[in-house]
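K.L.:
Input file: run.pdb. Contents: PDB, C-alpha atoms and all ligand atoms.
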```pdb
ATOM      1  CA  MET B 838      22.939 -15.144 -23.689  1.00  0.00           C
ATOM      2  CA  LYS B 839      19.272 -14.713 -24.554  1.00  0.00           C
ATOM      3  CA  ARG B 840      18.418 -16.690 -21.434  1.00  0.00           C
ATOM      4  CA  ALA B 841      20.732 -14.537 -19.334  1.00  0.00           C
ATOM      5  CA  ILE B 842      19.018 -11.391 -20.512  1.00  0.00           C
ATOM      6  CA  LEU B 843      15.619 -12.850 -19.692  1.00  0.00           C
ATOM      7  CA  TYR B 844      16.792 -13.780 -16.218  1.00  0.00           C
ATOM      8  CA  PHE B 845      18.168 -10.326 -15.729  1.00  0.00           C
ATOM      9  CA  PHE B 846      14.966  -8.604 -16.770  1.00  0.00           C
ATOM     10  CA  ALA B 847      12.892 -10.932 -14.622  1.00  0.00           C
ATOM     11  CA  PHE B 848      14.997 -10.166 -11.555  1.00  0.00           C
ATOM     12  CA  VAL B 849      15.127  -6.454 -12.128  1.00  0.00           C
ATOM     13  CA  PHE B 850      11.412  -6.362 -12.763  1.00  0.00           C
ATOM     14  CA  ILE B 851      10.541  -8.327  -9.639  1.00  0.00           C
ATOM     15  CA  CYS B 852      13.055  -6.617  -7.403  1.00  0.00           C
ATOM     16  CA  PHE B 853      12.805  -3.034  -8.480  1.00  0.00           C
ATOM     17  CA  LEU B 854      10.255  -2.170 -11.124  1.00  0.00           C
ATOM     18  CA  LEU B 855       7.359  -4.055  -9.574  1.00  0.00           C
ATOM     19  CA  PRO B 856       7.596  -2.389  -6.153  1.00  0.00           C
ATOM     20  CA  ALA B 857       8.046   0.971  -7.849  1.00  0.00           C
ATOM     21  CA  MET B 858       4.955   0.450 -10.016  1.00  0.00           C
ATOM     22  CA  LEU B 859       2.844  -0.691  -7.092  1.00  0.00           C
ATOM     23  CA  THR B 860       3.870   2.330  -5.085  1.00  0.00           C
ATOM     24  CA  LYS B 861       3.030   4.654  -7.943  1.00  0.00           C
ATOM     25  CA  THR B 862      -0.406   3.248  -8.573  1.00  0.00           C
ATOM     26  CA  ASN B 863      -1.440   2.774  -4.998  1.00  0.00           C
ATOM     27  CA  ASP B 864       0.195   5.538  -3.023  1.00  0.00           C
ATOM     28  CA  LYS B 865      -2.465   5.891  -0.375  1.00  0.00           C
ATOM     29  CA  GLU B 866      -2.493   2.278   0.694  1.00  0.00           C
ATOM     30  CA  MET B 867       1.139   1.442   0.312  1.00  0.00           C
ATOM     31  CA  GLU B 868       4.118   3.002   1.923  1.00  0.00           C
ATOM     32  CA  GLU B 869       7.184   3.806  -0.017  1.00  0.00           C
ATOM     33  CA  VAL B 870       9.294   0.909  -1.167  1.00  0.00           C
ATOM     34  CA  SER B 871      12.933   1.655  -0.936  1.00  0.00           C
ATOM     35  CA  VAL B 872      16.351   0.165  -1.204  1.00  0.00           C
ATOM     36  CA  SER B 873      18.468   0.977   1.826  1.00  0.00           C
ATOM     37  CA  GLU B 874      22.157   1.508   1.519  1.00  0.00           C
ATOM     38  CA  GLU B 875      24.772   1.536   4.213  1.00  0.00           C
ATOM     39  CA  ARG B 876      26.590   4.723   3.298  1.00  0.00           C
ATOM     40  CA  ASN B 877      27.308   5.713   6.807  1.00  0.00           C
ATOM     41  CA  GLU B 878      26.775   3.153   9.515  1.00  0.00           C
ATOM     42  CA  GLU B 879      25.695   5.483  12.290  1.00  0.00           C
ATOM     43  CA  GLU B 880      23.617   7.684  10.043  1.00  0.00           C
ATOM     44  CA  ASN B 881      21.851   4.684   8.615  1.00  0.00           C
ATOM     45  CA  MET B 882      21.122   3.207  12.010  1.00  0.00           C
ATOM     46  CA  GLU B 883      19.278   6.397  12.895  1.00  0.00           C
ATOM     47  CA  GLU B 884      17.368   6.544   9.636  1.00  0.00           C
ATOM     48  CA  VAL B 885      16.137   2.992   9.623  1.00  0.00           C
ATOM     49  CA  ASP B 886      13.341   1.808  11.840  1.00  0.00           C
ATOM     50  CA  ASN B 887      14.573   0.056  14.959  1.00  0.00           C
ATOM     51  CA  ASP B 888      12.836  -3.173  14.017  1.00  0.00           C
ATOM     52  CA  TYR B 889      15.236  -3.565  11.156  1.00  0.00           C
ATOM     53  CA  GLN B 890      18.929  -3.018  11.782  1.00  0.00           C
ATOM     54  CA  TYR B 891      21.139  -4.397   9.083  1.00  0.00           C
ATOM     55  CA  LEU B 892      24.278  -4.055  11.164  1.00  0.00           C
ATOM     56  CA  LYS B 893      22.813  -6.282  13.816  1.00  0.00           C
ATOM     57  CA  TYR B 894      22.967  -9.051  11.246  1.00  0.00           C
ATOM     58  CA  GLY B 895      26.583  -8.573  10.225  1.00  0.00           C
ATOM     59  CA  ALA B 896      27.107 -12.258  10.884  1.00  0.00           C
ATOM     60  CA  ILE B 897      24.566 -15.006  10.534  1.00  0.00           C
ATOM     61  CA  LYS B 898      24.296 -18.502  11.943  1.00  0.00           C
ATOM     62  CA  LEU B 899      24.265 -20.932   9.059  1.00  0.00           C
ATOM     63  CA  LEU B 900      23.017 -24.464   9.626  1.00  0.00           C
ATOM     64  CA  HIS B 901      24.690 -27.065   7.434  1.00  0.00           C
ATOM     65  CA  SER B 902      21.792 -29.431   6.960  1.00  0.00           C
ATOM     66  CA  LYS B 903      23.829 -32.563   6.209  1.00  0.00           C
ATOM     67  CA  THR B 904      26.082 -32.361   9.252  1.00  0.00           C
ATOM     68  CA  GLY B 905      23.911 -30.387  11.651  1.00  0.00           C
ATOM     69  CA  GLU B 906      26.858 -28.052  12.229  1.00  0.00           C
ATOM     70  CA  VAL B 907      26.064 -24.371  12.841  1.00  0.00           C
ATOM     71  CA  GLU B 908      28.622 -21.946  11.485  1.00  0.00           C
ATOM     72  CA  GLU B 909      28.724 -18.233  12.230  1.00  0.00           C
ATOM     73  CA  VAL B 910      29.746 -16.395   9.100  1.00  0.00           C
ATOM     74  CA  PRO B 911      29.822 -12.731   7.955  1.00  0.00           C
ATOM     75  CA  ILE B 912      26.707 -12.168   5.896  1.00  0.00           C
ATOM     76  CA  ASP B 913      28.456 -10.972   2.740  1.00  0.00           C
ATOM     77  CA  ASP B 914      30.831 -13.949   2.804  1.00  0.00           C
ATOM     78  CA  TYR B 915      27.800 -16.180   3.125  1.00  0.00           C
ATOM     79  CA  LEU B 916      26.124 -14.375   0.210  1.00  0.00           C
ATOM     80  CA  MET B 917      29.032 -15.145  -2.121  1.00  0.00           C
ATOM     81  CA  ASN B 918      28.405 -18.848  -1.572  1.00  0.00           C
ATOM     82  CA  VAL B 919      24.670 -18.321  -2.042  1.00  0.00           C
ATOM     83  CA  VAL B 920      24.951 -16.294  -5.244  1.00  0.00           C
ATOM     84  CA  SER B 921      27.417 -18.795  -6.674  1.00  0.00           C
ATOM     85  CA  ALA B 922      24.920 -21.565  -5.879  1.00  0.00           C
ATOM     86  CA  GLU B 923      21.873 -19.754  -7.233  1.00  0.00           C
ATOM     87  CA  MET B 924      23.086 -18.230 -10.497  1.00  0.00           C
ATOM     88  CA  PRO B 925      25.708 -19.196 -13.087  1.00  0.00           C
ATOM     89  CA  ALA B 926      28.759 -16.946 -12.811  1.00  0.00           C
ATOM     90  CA  ASP B 927      28.744 -16.238 -16.540  1.00  0.00           C
ATOM     91  CA  PHE B 928      25.495 -14.318 -16.248  1.00  0.00           C
ATOM     92  CA  GLU B 929      25.669 -10.539 -16.563  1.00  0.00           C
ATOM     93  CA  LEU B 930      27.144  -8.745 -13.551  1.00  0.00           C
ATOM     94  CA  GLU B 931      23.939  -6.725 -13.141  1.00  0.00           C
ATOM     95  CA  ALA B 932      21.924  -9.946 -12.927  1.00  0.00           C
ATOM     96  CA  LEU B 933      24.319 -11.264 -10.272  1.00  0.00           C
ATOM     97  CA  LYS B 934      23.975  -7.985  -8.382  1.00  0.00           C
ATOM     98  CA  ALA B 935      20.178  -8.264  -8.482  1.00  0.00           C
ATOM     99  CA  GLN B 936      20.519 -11.816  -7.156  1.00  0.00           C
ATOM    100  CA  ALA B 937      22.823 -10.606  -4.369  1.00  0.00           C
ATOM    101  CA  VAL B 938      20.288  -7.981  -3.261  1.00  0.00           C
ATOM    102  CA  VAL B 939      17.436 -10.484  -3.292  1.00  0.00           C
ATOM    103  CA  ALA B 940      19.501 -13.109  -1.439  1.00  0.00           C
ATOM    104  CA  ARG B 941      20.616 -10.560   1.177  1.00  0.00           C
ATOM    105  CA  THR B 942      17.027  -9.438   1.683  1.00  0.00           C
ATOM    106  CA  TYR B 943      15.785 -13.005   1.949  1.00  0.00           C
ATOM    107  CA  THR B 944      18.555 -13.840   4.437  1.00  0.00           C
ATOM    108  CA  ILE B 945      17.741 -10.934   6.709  1.00  0.00           C
ATOM    109  CA  TYR B 946      14.052 -11.742   6.489  1.00  0.00           C
ATOM    110  CA  LYS B 947      14.911 -15.250   7.668  1.00  0.00           C
ATOM    111  CA  THR B 948      16.937 -13.965  10.596  1.00  0.00           C
ATOM    112  CA  LEU B 949      13.853 -12.007  11.643  1.00  0.00           C
ATOM    113  CA  ASN B 950      11.488 -14.907  10.952  1.00  0.00           C
ATOM    114  CA  LYS B 951      13.452 -17.962  11.994  1.00  0.00           C
ATOM    115  CA  LYS B 952      12.544 -21.501  10.947  1.00  0.00           C
ATOM    116  CA  HIS B 953      15.352 -23.083  12.944  1.00  0.00           C
ATOM    117  CA  ASP B 954      15.873 -22.945  16.696  1.00  0.00           C
ATOM    118  CA  ASN B 955      19.653 -22.740  16.689  1.00  0.00           C
ATOM    119  CA  ALA B 956      20.359 -20.991  13.375  1.00  0.00           C
ATOM    120  CA  ASP B 957      19.216 -18.098  11.205  1.00  0.00           C
ATOM    121  CA  ILE B 958      19.115 -20.017   7.962  1.00  0.00           C
ATOM    122  CA  CYS B 959      20.109 -23.378   6.514  1.00  0.00           C
ATOM    123  CA  ASP B 960      21.869 -24.428   3.327  1.00  0.00           C
ATOM    124  CA  ASP B 961      19.005 -26.517   1.942  1.00  0.00           C
ATOM    125  CA  SER B 962      17.310 -24.811  -1.011  1.00  0.00           C
ATOM    126  CA  THR B 963      14.070 -26.681  -0.361  1.00  0.00           C
ATOM    127  CA  CYS B 964      13.937 -25.276   3.164  1.00  0.00           C
ATOM    128  CA  CYS B 965      15.744 -21.916   3.170  1.00  0.00           C
ATOM    129  CA  GLN B 966      18.300 -20.913   0.549  1.00  0.00           C
ATOM    130  CA  ALA B 967      20.874 -22.722  -1.598  1.00  0.00           C
ATOM    131  CA  TRP B 968      24.498 -22.531  -0.476  1.00  0.00           C
ATOM    132  CA  ILE B 969      27.620 -24.181  -1.829  1.00  0.00           C
ATOM    133  CA  SER B 970      31.089 -24.187  -0.322  1.00  0.00           C
ATOM    134  CA  LYS B 971      33.793 -22.377  -2.277  1.00  0.00           C
ATOM    135  CA  GLU B 972      35.694 -25.643  -2.562  1.00  0.00           C
ATOM    136  CA  ASP B 973      32.728 -27.484  -4.093  1.00  0.00           C
ATOM    137  CA  ARG B 974      31.941 -24.560  -6.345  1.00  0.00           C
ATOM    138  CA  PHE B 975      35.509 -24.427  -7.633  1.00  0.00           C
ATOM    139  CA  ALA B 976      35.443 -28.150  -8.331  1.00  0.00           C
ATOM    140  CA  LYS B 977      32.523 -27.605 -10.704  1.00  0.00           C
ATOM    141  CA  TRP B 978      34.149 -24.762 -12.615  1.00  0.00           C
ATOM    142  CA  GLU B 979      36.829 -25.047 -15.251  1.00  0.00           C
ATOM    143  CA  GLU B 980      40.151 -24.369 -13.586  1.00  0.00           C
ATOM    144  CA  LYS B 981      40.993 -21.350 -15.720  1.00  0.00           C
ATOM    145  CA  LYS B 982      37.697 -19.675 -14.840  1.00  0.00           C
ATOM    146  CA  ARG B 983      37.718 -20.267 -11.093  1.00  0.00           C
ATOM    147  CA  GLU B 984      39.386 -17.077  -9.898  1.00  0.00           C
ATOM    148  CA  SER B 985      37.639 -14.782 -12.379  1.00  0.00           C
ATOM    149  CA  ASN B 986      34.234 -16.325 -11.660  1.00  0.00           C
ATOM    150  CA  TRP B 987      34.720 -15.915  -7.921  1.00  0.00           C
ATOM    151  CA  GLN B 988      35.912 -12.357  -8.408  1.00  0.00           C
ATOM    152  CA  LYS B 989      32.786 -11.554 -10.401  1.00  0.00           C
ATOM    153  CA  ILE B 990      30.533 -12.966  -7.683  1.00  0.00           C
ATOM    154  CA  SER B 991      32.495 -11.092  -5.020  1.00  0.00           C
ATOM    155  CA  ASP B 992      32.003  -7.903  -7.044  1.00  0.00           C
ATOM    156  CA  ALA B 993      28.251  -8.505  -7.238  1.00  0.00           C
ATOM    157  CA  VAL B 994      28.041  -8.878  -3.460  1.00  0.00           C
ATOM    158  CA  ASN B 995      30.445  -6.040  -2.626  1.00  0.00           C
ATOM    159  CA  GLN B 996      28.923  -3.589  -5.080  1.00  0.00           C
ATOM    160  CA  THR B 997      25.522  -4.076  -3.454  1.00  0.00           C
ATOM    161  CA  LYS B 998      26.841  -4.087   0.103  1.00  0.00           C
ATOM    162  CA  GLY B 999      24.137  -3.182   2.611  1.00  0.00           C
ATOM    163  CA  LYS B1000      21.391  -3.052   0.001  1.00  0.00           C
ATOM    164  CA  VAL B1001      18.136  -4.779   0.738  1.00  0.00           C
ATOM    165  CA  ILE B1002      14.596  -4.429  -0.570  1.00  0.00           C
ATOM    166  CA  THR B1003      12.194  -3.047   2.004  1.00  0.00           C
ATOM    167  CA  TYR B1004       8.477  -2.476   2.244  1.00  0.00           C
ATOM    168  CA  ALA B1005       7.097  -0.322   5.058  1.00  0.00           C
ATOM    169  CA  ASN B1006      10.682  -0.063   6.296  1.00  0.00           C
ATOM    170  CA  GLN B1007      11.053  -3.815   6.716  1.00  0.00           C
ATOM    171  CA  PRO B1008      12.966  -6.305   4.562  1.00  0.00           C
ATOM    172  CA  ILE B1009      10.534  -8.111   2.315  1.00  0.00           C
ATOM    173  CA  ASN B1010      10.134 -11.867   2.048  1.00  0.00           C
ATOM    174  CA  ALA B1011      12.115 -11.883  -1.175  1.00  0.00           C
ATOM    175  CA  PHE B1012      11.106 -15.052  -2.981  1.00  0.00           C
ATOM    176  CA  PHE B1013      12.860 -15.617  -6.256  1.00  0.00           C
ATOM    177  CA  HIS B1014      12.636 -18.063  -9.105  1.00  0.00           C
ATOM    178  CA  SER B1015      14.824 -19.102 -12.005  1.00  0.00           C
ATOM    179  CA  ASN B1016      12.225 -19.271 -14.752  1.00  0.00           C
ATOM    180  CA  SER B1017       9.135 -17.363 -15.679  1.00  0.00           C
ATOM    181  CA  GLY B1018       6.382 -18.353 -18.068  1.00  0.00           C
ATOM    182  CA  GLY B1019       5.763 -14.695 -18.773  1.00  0.00           C
ATOM    183  CA  ILE B1020       3.597 -13.871 -15.790  1.00  0.00           C
ATOM    184  CA  THR B1021       4.036 -14.347 -12.042  1.00  0.00           C
ATOM    185  CA  GLU B1022       1.521 -15.768  -9.582  1.00  0.00           C
ATOM    186  CA  THR B1023       0.732 -14.312  -6.193  1.00  0.00           C
ATOM    187  CA  PRO B1024       2.214 -16.514  -3.437  1.00  0.00           C
ATOM    188  CA  VAL B1025      -1.135 -16.905  -1.701  1.00  0.00           C
ATOM    189  CA  ASN B1026      -2.449 -18.810  -4.747  1.00  0.00           C
ATOM    190  CA  VAL B1027       0.530 -21.162  -4.648  1.00  0.00           C
ATOM    191  CA  TRP B1028       1.217 -21.793  -0.986  1.00  0.00           C
ATOM    192  CA  GLY B1029      -1.791 -20.267   0.715  1.00  0.00           C
ATOM    193  CA  GLY B1030      -1.100 -18.291   3.865  1.00  0.00           C
ATOM    194  CA  GLY B1031      -0.919 -14.541   4.022  1.00  0.00           C
ATOM    195  CA  ASN B1032      -0.945 -12.077   1.191  1.00  0.00           C
ATOM    196  CA  TYR B1033       2.138 -10.006   0.432  1.00  0.00           C
ATOM    197  CA  PRO B1034       1.145  -6.575  -0.894  1.00  0.00           C
ATOM    198  CA  TYR B1035       4.530  -6.257  -2.612  1.00  0.00           C
ATOM    199  CA  LEU B1036       4.228  -9.595  -4.441  1.00  0.00           C
ATOM    200  CA  GLN B1037       1.397  -9.394  -6.924  1.00  0.00           C
ATOM    201  CA  THR B1038       0.875 -10.868 -10.381  1.00  0.00           C
ATOM    202  CA  VAL B1039       2.901  -9.122 -13.043  1.00  0.00           C
ATOM    203  CA  GLN B1040       3.816  -9.834 -16.609  1.00  0.00           C
ATOM    204  CA  THR B1041       7.549 -10.511 -16.808  1.00  0.00           C
ATOM    205  CA  ASP B1042       8.073 -11.278 -20.460  1.00  0.00           C
ATOM    206  CA  ARG B1043       8.972  -7.930 -21.935  1.00  0.00           C
ATOM    207  CA  ARG B1044       8.829  -9.278 -25.481  1.00  0.00           C
ATOM    208  CA  ARG B1045       5.072  -9.460 -25.235  1.00  0.00           C
ATOM    209  CA  GLY B1046       4.890  -5.711 -25.084  1.00  0.00           C
ATOM    210  CA  VAL B1047       4.054  -4.775 -21.507  1.00  0.00           C
TER     211      VAL B1047
HETATM  212 ZN    ZN R1101      16.076 -24.041   6.581  1.00  0.00          ZN
END
```
Could you write out this structure as structure tokens?
Ligand SMILES: [Zn+2]
P.N.:
Amino acid sequence: MKRAILYFFAFVFICFLLPAMLTKTNDKEMEEVSVSEERNEEENMEEVDNDYQYLKYGAIKLLHSKTGEVEEVPIDDYLMNVVSAEMPADFELEALKAQAVVARTYTIYKTLNKKHDNADICDDSTCCQAWISKEDRFAKWEEKKRESNWQKISDAVNQTKGKVITYANQPINAFFHSNSGGITETPVNVWGGGNYPYLQTVQTDRRRGV
């Protein structure tokens, strides 16, 4: 339970509080960070910059890395398999919702910045993002918890439908991690490459009195 709460705070902090803090302290250099919601499809299409159109990505092409098969699947269906692969179903619903938003954002980022020629994203966590079939997931859950666990994950995805994290009106490269030593590192110091203005070092352990 304690671990679940830590996970939850880490996700919320990274996904929502961090961008909000950066925007507040650096208004002139950074554009507003916002979470977009699909309230009205047509209205939203007009509001959002043409470079990013969520509805365009209603279905994604998923590469199954073991078989090489490419499957076209509605994005929210795909996200249920991702969330169930990335986070235990007994975590708090709000933590699962945060994971769903991050996974959706990451997925759309990948469709815009493809690694694979014939697919938007693959099911290998070391390459793109973890994915597990419903059948395999069910096999790993106690029988009596299967339906309720799946329902909870479905709720997390459905209750965040259309929500992604954006920076400068574009979906961010939403990296996520399962553990934090109390402070995050900027990606450029880990992998090199470009700097992400929305991913900077922050303290994530609230117990230390941020
Ligand atoms: Zn991949």
K.L.:
Using Å and a single decimal, report how far atom CA of Val994 of chain B sits from atom CA of His901 of chain B.
P.N.:
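Atom-to-atom, atom CA of His901 of chain B and atom CA of Val994 of chain B are spaced 21.5 Å apart.
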K.L.:
Counting all atoms listed in the file, which residues of chain B fall within 9 Å of ligand ZN 1101 (chain R), and what is the closest atom pair for each with its distance in Å at one decimal, ordered by chain and rising number, as a tab-separated table?
P.N.:
```
residue	atom	partner	partner_atom	distance
B:Leu900	CA	R:ZN1101	ZN	7.6
B:Ser902	CA	R:ZN1101	ZN	7.9
B:Lys947	CA	R:ZN1101	ZN	8.9
B:Lys951	CA	R:ZN1101	ZN	8.6
B:Lys952	CA	R:ZN1101	ZN	6.2
B:His953	CA	R:ZN1101	ZN	6.5
B:Ala956	CA	R:ZN1101	ZN	8.6
B:Asp957	CA	R:ZN1101	ZN	8.2
B:Ile958	CA	R:ZN1101	ZN	5.2
B:Cys959	CA	R:ZN1101	ZN	4.1
B:Asp960	CA	R:ZN1101	ZN	6.7
B:Asp961	CA	R:ZN1101	ZN	6.0
B:Ser962	CA	R:ZN1101	ZN	7.7
B:Thr963	CA	R:ZN1101	ZN	7.7
B:Cys964	CA	R:ZN1101	ZN	4.2
B:Cys965	CA	R:ZN1101	ZN	4.0
B:Gln966	CA	R:ZN1101	ZN	7.1
```
K.L.:
For a cutoff of 6 Å around the file-coordinate point (18.1, -19.5, -10.3), which residues qualify once you count all atoms listed in the file? I'd like the result as a PDB file with C-alpha atoms, in the coordinates of the input.
P.N.:
```
ATOM      1  CA  GLU B 923      21.873 -19.754  -7.233  1.00  0.00           C
ATOM      2  CA  MET B 924      23.086 -18.230 -10.497  1.00  0.00           C
ATOM      3  CA  HIS B1014      12.636 -18.063  -9.105  1.00  0.00           C
ATOM      4  CA  SER B1015      14.824 -19.102 -12.005  1.00  0.00           C
TER       5      SER B1015
END
```
K.L.:
Write out as a PyMOL selection string the residues lying within 10 Å of segment 910-916 of chain B, counting all atoms listed in the file and excluding same-chain residues fewer than 3 positions away.
P.N.:
chain B and resi 892+894-899+907+919-922+936-938+940-941+944-945+968-970+990-991+993-995+997-999
K.L.:
Atom CA of Pro925 of chain B to atom CA of Asp992 of chain B: how many Å, to one decimal?
P.N.:
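Pair atom CA of Pro925 of chain B / atom CA of Asp992 of chain B returns 14.3 Å.
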K.L.:
Between atom CA of Gly1019 of chain B and atom CA of Thr1041 of chain B, what is the distance in Å, rounded to a tenth?
P.N.:
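The value is 5.0 Å.
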